[in-house]
$ cat data.txt   # compact mmCIF, C-alpha atoms
# COMPACT_ATOMS: atom_id res chain seq x y z
CA MET A 1 -7.38 -1.94 -1.27
CA ASP A 2 -10.76 -1.72 -3.01
CA GLU A 3 -12.73 1.48 -3.63
CA ALA A 4 -14.82 1.15 -0.46
CA ALA A 5 -11.66 0.70 1.63
CA CYS A 6 -10.09 3.74 -0.07
CA ARG A 7 -13.11 5.84 0.89
CA ARG A 8 -12.90 4.57 4.48
CA PHE A 9 -9.19 5.40 4.48
CA GLN A 10 -9.73 8.94 3.20
CA ARG A 11 -12.65 9.63 5.53
CA SER A 12 -10.88 8.39 8.66
CA VAL A 13 -7.47 9.97 7.94
CA GLU A 14 -9.15 13.31 7.18
CA PHE A 15 -11.26 13.03 10.34
CA ALA A 16 -8.29 12.14 12.56
CA GLY A 17 -6.11 14.70 10.81
CA ARG A 18 -8.56 17.55 10.94
CA LYS A 19 -6.79 20.45 12.70
CA TRP A 20 -6.94 19.96 16.53
CA ASN A 21 -8.87 16.62 16.48
CA GLY A 22 -5.76 14.48 17.03
CA ALA A 23 -4.34 16.82 19.69
CA ILE A 24 -7.65 16.93 21.62
CA LEU A 25 -8.07 13.16 21.55
CA LEU A 26 -4.45 12.68 22.58
CA ALA A 27 -4.97 15.09 25.50
CA GLY A 28 -7.88 12.93 26.62
CA VAL A 29 -5.78 9.78 26.34
CA ARG A 30 -3.10 11.53 28.48
CA GLY A 31 -5.66 12.21 31.20
CA ALA A 32 -7.41 15.50 30.41
CA ARG A 33 -11.06 15.36 31.51
CA ARG A 34 -12.34 18.91 32.19
CA PHE A 35 -12.62 21.62 29.55
CA SER A 36 -9.89 23.63 31.31
CA GLU A 37 -7.54 20.63 31.25
CA TYR A 38 -8.02 20.17 27.50
CA ARG A 39 -7.54 23.92 27.06
CA ALA A 40 -4.26 23.80 29.03
CA THR A 41 -2.95 20.75 27.18
CA VAL A 42 -3.79 21.66 23.60
CA ASP A 43 -1.45 24.55 22.78
CA GLY A 44 -2.96 27.46 20.88
CA ILE A 45 -6.61 26.36 20.66
CA SER A 46 -9.31 28.93 21.51
CA ASP A 47 -12.19 28.25 23.92
CA ARG A 48 -14.71 28.62 21.10
CA LEU A 49 -12.92 26.12 18.83
CA LEU A 50 -12.30 23.63 21.64
CA ALA A 51 -15.99 23.71 22.57
CA ALA A 52 -16.99 23.15 18.94
CA ARG A 53 -14.52 20.32 18.43
CA LEU A 54 -15.47 18.54 21.67
CA LYS A 55 -19.07 18.60 20.44
CA GLU A 56 -18.03 17.16 17.04
CA LEU A 57 -15.84 14.49 18.60
CA GLU A 58 -18.72 13.55 20.88
CA ALA A 59 -21.15 13.42 17.93
CA GLU A 60 -18.64 11.24 16.06
CA GLY A 61 -18.53 8.87 19.05
CA VAL A 62 -14.83 9.12 19.88
CA ILE A 63 -15.34 11.21 23.03
CA GLU A 64 -17.98 10.75 25.75
CA ARG A 65 -19.39 13.67 27.72
CA HIS A 66 -20.27 13.01 31.37
CA VAL A 67 -22.32 15.33 33.57
CA LYS A 68 -22.15 15.01 37.36
CA ALA A 69 -24.99 16.69 39.29
CA THR A 70 -22.61 18.52 41.65
CA THR A 71 -23.04 22.23 42.44
CA PRO A 72 -21.89 23.65 40.17
CA VAL A 73 -22.38 20.84 37.66
CA THR A 74 -19.18 18.95 36.70
CA ILE A 75 -18.76 18.17 32.99
CA THR A 76 -15.96 15.86 31.85
CA TYR A 77 -14.92 14.49 28.46
CA THR A 78 -13.41 11.00 28.16
CA PRO A 79 -12.14 9.24 25.00
CA SER A 80 -14.48 6.37 24.07
CA ALA A 81 -13.15 2.86 23.37
CA SER A 82 -13.15 3.79 19.69
CA GLY A 83 -11.31 7.04 20.42
CA LEU A 84 -8.66 5.20 22.43
CA GLN A 85 -8.23 2.71 19.58
CA LEU A 86 -7.82 5.53 17.07
CA ILE A 87 -5.05 7.20 19.06
CA GLU A 88 -3.35 3.86 19.67
CA LEU A 89 -3.18 2.98 15.98
CA LEU A 90 -1.91 6.47 15.11
CA GLN A 91 0.95 6.38 17.65
CA PRO A 92 3.48 5.01 15.12
CA LEU A 93 3.22 8.43 13.43
CA VAL A 94 5.52 9.82 16.14
CA GLU A 95 8.31 7.50 15.10
CA TRP A 96 7.56 8.02 11.41
CA ASP A 97 7.82 11.80 11.89
CA ALA A 98 11.19 11.48 13.66
CA GLY A 99 12.62 9.25 10.91
CA HIS A 100 11.10 11.35 8.16
CA MET A 101 12.50 14.61 9.55
CA ALA A 102 15.95 13.06 10.06
CA ALA A 103 15.97 11.77 6.48
CA ARG A 104 14.95 15.18 5.18
CA GLU A 105 17.62 16.97 7.22
CA GLY A 106 20.18 14.42 5.97
CA GLY A 107 19.04 15.05 2.38
CA ASP A 108 19.22 18.82 2.82
CA ALA A 109 22.75 18.59 4.32
CA ALA A 110 23.95 16.40 1.45
CA ARG A 111 22.55 18.87 -1.08
CA ASP A 112 24.24 21.80 0.72
CA ALA A 113 27.59 19.97 0.71
CA GLY A 114 27.15 18.78 -2.90
CA MET B 115 4.27 10.43 25.45
CA ASP B 116 6.33 13.53 26.23
CA GLU B 117 5.67 17.05 24.90
CA ALA B 118 8.03 16.69 21.93
CA ALA B 119 6.34 13.42 20.92
CA CYS B 120 2.92 15.08 21.26
CA ARG B 121 4.03 17.85 18.87
CA ARG B 122 5.34 15.24 16.41
CA PHE B 123 2.03 13.39 16.72
CA GLN B 124 -0.05 16.50 16.06
CA ARG B 125 2.13 17.68 13.18
CA SER B 126 2.17 14.34 11.39
CA VAL B 127 -1.53 13.45 11.90
CA GLU B 128 -2.53 16.94 10.68
CA PHE B 129 -0.19 16.63 7.69
CA ALA B 130 -1.43 13.15 6.75
CA GLY B 131 -5.02 14.14 7.44
CA ARG B 132 -4.97 17.41 5.54
CA LYS B 133 -7.80 17.23 3.00
CA TRP B 134 -6.68 15.24 -0.09
CA ASN B 135 -3.12 14.43 1.15
CA GLY B 136 -3.99 10.88 2.25
CA ALA B 137 -6.04 10.16 -0.87
CA ILE B 138 -3.29 11.43 -3.21
CA LEU B 139 -0.58 9.42 -1.46
CA LEU B 140 -2.81 6.33 -1.45
CA ALA B 141 -3.41 6.78 -5.19
CA GLY B 142 0.36 6.78 -5.69
CA VAL B 143 0.73 3.64 -3.60
CA ARG B 144 -1.97 2.01 -5.75
CA GLY B 145 -0.01 2.79 -8.90
CA ALA B 146 -0.93 6.28 -10.09
CA ARG B 147 2.10 8.00 -11.64
CA ARG B 148 0.93 10.68 -14.12
CA PHE B 149 -1.09 13.75 -13.17
CA SER B 150 -4.07 12.42 -15.13
CA GLU B 151 -3.95 9.12 -13.23
CA TYR B 152 -3.99 10.91 -9.87
CA ARG B 153 -6.81 13.10 -11.15
CA ALA B 154 -8.83 10.02 -12.20
CA THR B 155 -8.20 8.18 -8.93
CA VAL B 156 -8.80 10.95 -6.41
CA ASP B 157 -12.56 11.61 -6.62
CA GLY B 158 -13.62 15.24 -6.63
CA ILE B 159 -10.24 17.00 -6.61
CA SER B 160 -9.69 19.90 -9.05
CA ASP B 161 -6.66 20.18 -11.33
CA ARG B 162 -5.53 23.33 -9.54
CA LEU B 163 -5.69 21.74 -6.08
CA LEU B 164 -4.06 18.49 -7.23
CA ALA B 165 -1.17 20.45 -8.75
CA ALA B 166 -0.74 22.45 -5.52
CA ARG B 167 -0.90 19.38 -3.29
CA LEU B 168 1.55 17.36 -5.45
CA LYS B 169 3.99 20.28 -5.08
CA GLU B 170 3.49 20.33 -1.28
CA LEU B 171 3.84 16.55 -0.96
CA GLU B 172 7.02 16.74 -3.04
CA ALA B 173 8.38 19.59 -0.88
CA GLU B 174 7.54 17.55 2.23
CA GLY B 175 9.50 14.62 0.79
CA VAL B 176 6.74 12.02 0.63
CA ILE B 177 6.39 12.15 -3.16
CA GLU B 178 9.15 12.28 -5.79
CA ARG B 179 8.71 14.02 -9.12
CA HIS B 180 10.48 12.48 -12.12
CA VAL B 181 10.95 14.17 -15.49
CA LYS B 182 11.73 12.10 -18.60
CA ALA B 183 13.14 14.05 -21.57
CA THR B 184 10.64 12.55 -24.01
CA THR B 185 8.74 14.72 -26.51
CA PRO B 186 6.56 15.93 -25.02
CA VAL B 187 8.25 15.68 -21.59
CA THR B 188 6.87 12.94 -19.30
CA ILE B 189 6.35 13.90 -15.66
CA THR B 190 5.52 11.26 -13.07
CA TYR B 191 4.98 11.34 -9.31
CA THR B 192 6.00 8.40 -7.14
CA PRO B 193 5.60 7.99 -3.35
CA SER B 194 9.00 8.16 -1.64
CA ALA B 195 10.10 5.48 0.86
CA SER B 196 8.82 7.79 3.62
CA GLY B 197 5.52 8.25 1.79
CA LEU B 198 5.07 4.49 1.41
CA GLN B 199 5.81 4.04 5.13
CA LEU B 200 3.24 6.68 6.04
CA ILE B 201 0.48 5.00 4.06
CA GLU B 202 1.44 1.59 5.41
CA LEU B 203 1.17 2.69 9.05
CA LEU B 204 -2.15 4.42 8.38
CA GLN B 205 -3.76 1.35 6.76
CA PRO B 206 -5.26 0.08 10.07
CA LEU B 207 -7.55 3.15 9.87
CA VAL B 208 -9.65 1.27 7.31
CA GLU B 209 -10.45 -1.45 9.81
CA TRP B 210 -10.91 1.10 12.61
CA ASP B 211 -13.41 3.02 10.46
CA ALA B 212 -15.41 -0.15 9.72
CA GLY B 213 -15.58 -1.15 13.39
CA HIS B 214 -16.28 2.40 14.50
CA MET B 215 -19.15 2.87 12.03
CA ALA B 216 -20.65 -0.53 12.96
CA ALA B 217 -20.51 0.37 16.67
CA ARG B 218 -22.15 3.71 15.98
CA GLU B 219 -24.92 2.16 13.88
CA GLY B 220 -25.44 -0.45 16.62
CA GLY B 221 -25.67 2.34 19.21
CA ASP B 222 -28.13 4.34 17.09
CA ALA B 223 -30.35 1.25 16.54
CA ALA B 224 -30.38 0.49 20.29
CA ARG B 225 -31.38 4.09 21.05
CA ASP B 226 -34.17 3.96 18.41
CA ALA B 227 -35.51 0.72 19.89
CA GLY B 228 -35.11 2.00 23.50

$ encode --input "data.txt" --output "structure tokens"
Amino acid sequence: MDEAACRRFQRSVEFAGRKWNGAILLAGVRGARRFSEYRATVDGISDRLLAARLKELEAEGVIERHVKATTPVTITYTPSASGLQLIELLQPLVEWDAGHMAAREGGDAARDAG
Amino acid sequence: MDEAACRRFQRSVEFAGRKWNGAILLAGVRGARRFSEYRATVDGISDRLLAARLKELEAEGVIERHVKATTPVTITYTPSASGLQLIELLQPLVEWDAGHMAAREGGDAARDAG
């Protein structure tokens, strides 16, 4: 991996890993569309922070904001193609985490018994 | 993806994406072993923060610390099997970032010309 690729790697992993970004995008992939649905799905996030992060994710181009001229207006947030791709390529982390935690617990148990 | 998997996803993407964690692990995968080599490879990190993060990455089990009883003592840091796996599964982010940035620049150019 050359220097430019390393910078891309660091930028994208730190963007995806920024607190709440992954959870918000994942909520969108799992079907959340309205602010209240994201709020209900992403445990522990405040309204203020969710609003700020949705704006950032939209500016970054991984979430699209849609406004329907209903009364009152309906605003929805949908992962973009790029956002969907990002979540898809990060999904193996779930399995990694399971294996990693199991290995750590195994290591801890061995040390305790040692 | 069920709730437990979502929590694993959020925990692991926020761990991997925590500022500097990805870059430090990547430096180890690219051959850094001594503190000074990590320091030289990871642009912009301070000694204090690198020391703290190496300790955290070791505690998390993705980096192993080795002490050789030379004079003076030689201390090296090597990605664990789990750490290597993590970096490997995150590598597609480099390609994602390239495609994502190109799409964004394309979008911006279209808007400017519009």

$ closest_residue --input "data.txt" --among "A:Val42, A:Ser82, A:Gly106, A:Arg34" --to "Arg65 (chain A)" --atoms "all atoms listed in the file"
A:Arg34

$ atom_distance --input "data.txt" --atom1 "CA of Lys169 (chain B)" --atom2 "CA of Gly197 (chain B)"
13.9 Å

$ atom_distance --input "data.txt" --atom1 "CA of Lys19 (chain A)" --atom2 "CA of Phe129 (chain B)"
9.1 Å

$ interface_residues --input "data.txt" --of "chain A" --to "chain B" --cutoff "10 Å" --atoms "only C-alpha atoms" --output "ChimeraX atom specification"
/A:1-24,26-27,30,41-43,59-62,81-83,85-87,89-101,103-104,107

$ write_last_selection --input "data.txt" --atoms "C-alpha atoms" --output "tab-separated table (two decimals), keeping the file's coordinate frame"
chain	number	residue	atom	x	y	z
A	1	MET	CA	-7.38	-1.94	-1.27
A	2	ASP	CA	-10.76	-1.72	-3.01
A	3	GLU	CA	-12.73	1.48	-3.63
A	4	ALA	CA	-14.82	1.15	-0.46
A	5	ALA	CA	-11.66	0.70	1.63
A	6	CYS	CA	-10.09	3.74	-0.07
A	7	ARG	CA	-13.11	5.84	0.89
A	8	ARG	CA	-12.90	4.57	4.48
A	9	PHE	CA	-9.19	5.40	4.48
A	10	GLN	CA	-9.73	8.94	3.20
A	11	ARG	CA	-12.65	9.63	5.53
A	12	SER	CA	-10.88	8.39	8.66
A	13	VAL	CA	-7.47	9.97	7.94
A	14	GLU	CA	-9.15	13.31	7.18
A	15	PHE	CA	-11.26	13.03	10.34
A	16	ALA	CA	-8.29	12.14	12.56
A	17	GLY	CA	-6.11	14.70	10.81
A	18	ARG	CA	-8.56	17.55	10.94
A	19	LYS	CA	-6.79	20.45	12.70
A	20	TRP	CA	-6.94	19.96	16.53
A	21	ASN	CA	-8.87	16.62	16.48
A	22	GLY	CA	-5.76	14.48	17.03
A	23	ALA	CA	-4.34	16.82	19.69
A	24	ILE	CA	-7.65	16.93	21.62
A	26	LEU	CA	-4.45	12.68	22.58
A	27	ALA	CA	-4.97	15.09	25.50
A	30	ARG	CA	-3.10	11.53	28.48
A	41	THR	CA	-2.95	20.75	27.18
A	42	VAL	CA	-3.79	21.66	23.60
A	43	ASP	CA	-1.45	24.55	22.78
A	59	ALA	CA	-21.15	13.42	17.93
A	60	GLU	CA	-18.64	11.24	16.06
A	61	GLY	CA	-18.53	8.87	19.05
A	62	VAL	CA	-14.83	9.12	19.88
A	81	ALA	CA	-13.15	2.86	23.37
A	82	SER	CA	-13.15	3.79	19.69
A	83	GLY	CA	-11.31	7.04	20.42
A	85	GLN	CA	-8.23	2.71	19.58
A	86	LEU	CA	-7.82	5.53	17.07
A	87	ILE	CA	-5.05	7.20	19.06
A	89	LEU	CA	-3.18	2.98	15.98
A	90	LEU	CA	-1.91	6.47	15.11
A	91	GLN	CA	0.95	6.38	17.65
A	92	PRO	CA	3.48	5.01	15.12
A	93	LEU	CA	3.22	8.43	13.43
A	94	VAL	CA	5.52	9.82	16.14
A	95	GLU	CA	8.31	7.50	15.10
A	96	TRP	CA	7.56	8.02	11.41
A	97	ASP	CA	7.82	11.80	11.89
A	98	ALA	CA	11.19	11.48	13.66
A	99	GLY	CA	12.62	9.25	10.91
A	100	HIS	CA	11.10	11.35	8.16
A	101	MET	CA	12.50	14.61	9.55
A	103	ALA	CA	15.97	11.77	6.48
A	104	ARG	CA	14.95	15.18	5.18
A	107	GLY	CA	19.04	15.05	2.38

$ atom_distance --input "data.txt" --atom1 "CA of Gly28 (chain A)" --atom2 "CA of Ala102 (chain A)"
29.0 Å

$ calpha_fit_and_write --input "data.txt" --fixed "chain B" --moving "chain A" --output "tab-separated table (two decimals) with C-alpha atoms, in the coordinates of the input"
chain	number	residue	atom	x	y	z
A	1	MET	CA	4.27	10.43	25.46
A	2	ASP	CA	6.34	13.53	26.24
A	3	GLU	CA	5.67	17.04	24.91
A	4	ALA	CA	8.03	16.68	21.94
A	5	ALA	CA	6.33	13.41	20.93
A	6	CYS	CA	2.91	15.07	21.26
A	7	ARG	CA	4.02	17.83	18.89
A	8	ARG	CA	5.33	15.23	16.42
A	9	PHE	CA	2.02	13.39	16.72
A	10	GLN	CA	-0.06	16.50	16.06
A	11	ARG	CA	2.12	17.69	13.19
A	12	SER	CA	2.16	14.33	11.40
A	13	VAL	CA	-1.53	13.47	11.90
A	14	GLU	CA	-2.53	16.94	10.68
A	15	PHE	CA	-0.19	16.63	7.70
A	16	ALA	CA	-1.44	13.16	6.75
A	17	GLY	CA	-5.02	14.16	7.46
A	18	ARG	CA	-4.97	17.40	5.56
A	19	LYS	CA	-7.82	17.23	3.00
A	20	TRP	CA	-6.69	15.23	-0.10
A	21	ASN	CA	-3.13	14.43	1.15
A	22	GLY	CA	-3.99	10.89	2.25
A	23	ALA	CA	-6.05	10.17	-0.88
A	24	ILE	CA	-3.29	11.44	-3.21
A	25	LEU	CA	-0.59	9.42	-1.46
A	26	LEU	CA	-2.81	6.35	-1.45
A	27	ALA	CA	-3.41	6.78	-5.20
A	28	GLY	CA	0.35	6.78	-5.69
A	29	VAL	CA	0.73	3.65	-3.58
A	30	ARG	CA	-1.99	2.01	-5.76
A	31	GLY	CA	0.00	2.78	-8.90
A	32	ALA	CA	-0.93	6.28	-10.08
A	33	ARG	CA	2.10	8.00	-11.64
A	34	ARG	CA	0.93	10.67	-14.13
A	35	PHE	CA	-1.07	13.75	-13.17
A	36	SER	CA	-4.07	12.42	-15.13
A	37	GLU	CA	-3.94	9.12	-13.24
A	38	TYR	CA	-3.98	10.90	-9.87
A	39	ARG	CA	-6.80	13.10	-11.17
A	40	ALA	CA	-8.82	10.02	-12.21
A	41	THR	CA	-8.21	8.18	-8.93
A	42	VAL	CA	-8.82	10.95	-6.43
A	43	ASP	CA	-12.56	11.62	-6.64
A	44	GLY	CA	-13.63	15.26	-6.65
A	45	ILE	CA	-10.23	17.01	-6.61
A	46	SER	CA	-9.69	19.90	-9.05
A	47	ASP	CA	-6.65	20.18	-11.34
A	48	ARG	CA	-5.52	23.33	-9.55
A	49	LEU	CA	-5.69	21.73	-6.08
A	50	LEU	CA	-4.05	18.49	-7.23
A	51	ALA	CA	-1.17	20.45	-8.75
A	52	ALA	CA	-0.73	22.44	-5.54
A	53	ARG	CA	-0.88	19.38	-3.31
A	54	LEU	CA	1.56	17.37	-5.45
A	55	LYS	CA	4.00	20.27	-5.08
A	56	GLU	CA	3.50	20.32	-1.28
A	57	LEU	CA	3.85	16.56	-0.97
A	58	GLU	CA	7.02	16.75	-3.03
A	59	ALA	CA	8.38	19.60	-0.87
A	60	GLU	CA	7.54	17.54	2.24
A	61	GLY	CA	9.52	14.61	0.79
A	62	VAL	CA	6.74	12.03	0.63
A	63	ILE	CA	6.38	12.15	-3.16
A	64	GLU	CA	9.15	12.27	-5.78
A	65	ARG	CA	8.72	14.04	-9.11
A	66	HIS	CA	10.47	12.48	-12.12
A	67	VAL	CA	10.94	14.17	-15.48
A	68	LYS	CA	11.72	12.09	-18.58
A	69	ALA	CA	13.14	14.02	-21.55
A	70	THR	CA	10.63	12.52	-24.01
A	71	THR	CA	8.74	14.70	-26.51
A	72	PRO	CA	6.55	15.90	-25.01
A	73	VAL	CA	8.24	15.67	-21.61
A	74	THR	CA	6.87	12.93	-19.31
A	75	ILE	CA	6.36	13.92	-15.66
A	76	THR	CA	5.52	11.26	-13.07
A	77	TYR	CA	4.98	11.35	-9.31
A	78	THR	CA	6.01	8.39	-7.14
A	79	PRO	CA	5.59	7.99	-3.35
A	80	SER	CA	9.00	8.15	-1.63
A	81	ALA	CA	10.10	5.48	0.87
A	82	SER	CA	8.83	7.78	3.61
A	83	GLY	CA	5.52	8.26	1.79
A	84	LEU	CA	5.08	4.51	1.41
A	85	GLN	CA	5.81	4.04	5.12
A	86	LEU	CA	3.24	6.69	6.04
A	87	ILE	CA	0.47	5.02	4.05
A	88	GLU	CA	1.44	1.60	5.40
A	89	LEU	CA	1.18	2.69	9.03
A	90	LEU	CA	-2.15	4.43	8.38
A	91	GLN	CA	-3.76	1.36	6.76
A	92	PRO	CA	-5.26	0.10	10.05
A	93	LEU	CA	-7.55	3.16	9.86
A	94	VAL	CA	-9.65	1.28	7.29
A	95	GLU	CA	-10.46	-1.43	9.79
A	96	TRP	CA	-10.92	1.09	12.60
A	97	ASP	CA	-13.42	3.02	10.46
A	98	ALA	CA	-15.42	-0.15	9.70
A	99	GLY	CA	-15.58	-1.13	13.39
A	100	HIS	CA	-16.29	2.41	14.49
A	101	MET	CA	-19.15	2.87	12.02
A	102	ALA	CA	-20.66	-0.51	12.95
A	103	ALA	CA	-20.52	0.36	16.65
A	104	ARG	CA	-22.16	3.71	15.98
A	105	GLU	CA	-24.92	2.15	13.87
A	106	GLY	CA	-25.45	-0.45	16.62
A	107	GLY	CA	-25.66	2.34	19.21
A	108	ASP	CA	-28.11	4.33	17.10
A	109	ALA	CA	-30.33	1.25	16.56
A	110	ALA	CA	-30.37	0.49	20.29
A	111	ARG	CA	-31.36	4.08	21.06
A	112	ASP	CA	-34.15	3.96	18.44
A	113	ALA	CA	-35.50	0.71	19.93
A	114	GLY	CA	-35.09	1.95	23.52

$ closest_residue --input "data.txt" --among "A:Glu88, A:Glu58, A:Thr78, A:Ala69" --to "Tyr38 (chain A)" --atoms "all atoms listed in the file"
A:Thr78

$ closest_residue --input "data.txt" --among "A:Arg33, A:Glu56, A:Ala113, A:Ala40" --to "Tyr77 (chain A)" --atoms "all atoms listed in the file"
A:Arg33

$ closest_residue --input "data.txt" --among "A:Ile63, A:Ala51, A:Leu25, A:Ile45" --to "Ser80 (chain A)" --atoms "all atoms listed in the file"
A:Ile63

$ axis_aligned_box --input "data.txt" --around "region 40-53 of chain A" --padding-each-side "4 Å" --output "AutoDock Vina command-line options"
--center_x -9.2 --center_y 24.6 --center_z 23.7 --size_x 23.5 --size_y 16.6 --size_z 18.6

$ build_atoms --input "data.txt" --residues "region 171-179 of chain B" --atoms "all heavy atoms" --output "short mmCIF file (atom, residue, chain, number, x, y, z; two decimals), in the coordinates of the input"
data_model
loop_
_atom_site.label_atom_id
_atom_site.label_comp_id
_atom_site.auth_asym_id
_atom_site.auth_seq_id
_atom_site.Cartn_x
_atom_site.Cartn_y
_atom_site.Cartn_z
N LEU B 171 3.43 17.90 -1.37
CA LEU B 171 3.84 16.55 -0.96
C LEU B 171 5.27 16.29 -1.41
O LEU B 171 6.04 15.61 -0.73
CB LEU B 171 2.87 15.51 -1.55
CG LEU B 171 1.45 15.57 -0.98
CD1 LEU B 171 0.50 14.69 -1.80
CD2 LEU B 171 1.40 15.16 0.49
N GLU B 172 5.63 16.87 -2.56
CA GLU B 172 7.02 16.74 -3.04
C GLU B 172 7.94 17.52 -2.10
O GLU B 172 8.97 17.02 -1.64
CB GLU B 172 7.14 17.28 -4.46
CG GLU B 172 8.53 17.03 -5.07
CD GLU B 172 8.77 17.81 -6.35
OE1 GLU B 172 7.80 18.42 -6.88
OE2 GLU B 172 9.93 17.82 -6.81
N ALA B 173 7.55 18.76 -1.77
CA ALA B 173 8.38 19.59 -0.88
C ALA B 173 8.54 18.93 0.50
O ALA B 173 9.59 19.00 1.13
CB ALA B 173 7.73 20.97 -0.72
N GLU B 174 7.51 18.21 0.92
CA GLU B 174 7.54 17.55 2.23
C GLU B 174 8.37 16.26 2.18
O GLU B 174 8.73 15.67 3.18
CB GLU B 174 6.10 17.25 2.67
CG GLU B 174 5.95 16.57 4.02
CD GLU B 174 6.56 17.36 5.17
OE1 GLU B 174 6.39 18.60 5.18
OE2 GLU B 174 7.23 16.76 6.04
N GLY B 175 8.64 15.80 0.94
CA GLY B 175 9.50 14.62 0.79
C GLY B 175 8.77 13.31 0.81
O GLY B 175 9.37 12.24 0.98
N VAL B 176 7.45 13.31 0.63
CA VAL B 176 6.74 12.02 0.63
C VAL B 176 6.38 11.59 -0.79
O VAL B 176 5.93 10.47 -1.02
CB VAL B 176 5.46 12.07 1.50
CG1 VAL B 176 5.80 12.20 2.99
CG2 VAL B 176 4.52 13.18 1.06
N ILE B 177 6.58 12.49 -1.74
CA ILE B 177 6.39 12.15 -3.16
C ILE B 177 7.58 12.66 -3.94
O ILE B 177 8.13 13.72 -3.61
CB ILE B 177 5.04 12.75 -3.69
CG1 ILE B 177 3.93 11.71 -3.54
CG2 ILE B 177 5.16 13.19 -5.15
CD1 ILE B 177 2.63 12.00 -4.25
N GLU B 178 8.03 11.87 -4.93
CA GLU B 178 9.15 12.28 -5.79
C GLU B 178 8.64 12.55 -7.19
O GLU B 178 7.84 11.78 -7.72
CB GLU B 178 10.22 11.18 -5.80
CG GLU B 178 10.95 11.05 -4.48
CD GLU B 178 11.61 9.68 -4.29
OE1 GLU B 178 11.45 8.80 -5.17
OE2 GLU B 178 12.25 9.49 -3.24
N ARG B 179 9.13 13.62 -7.75
CA ARG B 179 8.71 14.02 -9.12
C ARG B 179 9.83 13.63 -10.09
O ARG B 179 10.99 13.95 -9.85
CB ARG B 179 8.50 15.53 -9.14
CG ARG B 179 8.06 16.13 -10.48
CD ARG B 179 7.71 17.60 -10.25
NE ARG B 179 7.27 18.28 -11.45
CZ ARG B 179 8.08 18.92 -12.28
NH1 ARG B 179 9.39 18.95 -12.06
NH2 ARG B 179 7.61 19.53 -13.35
#
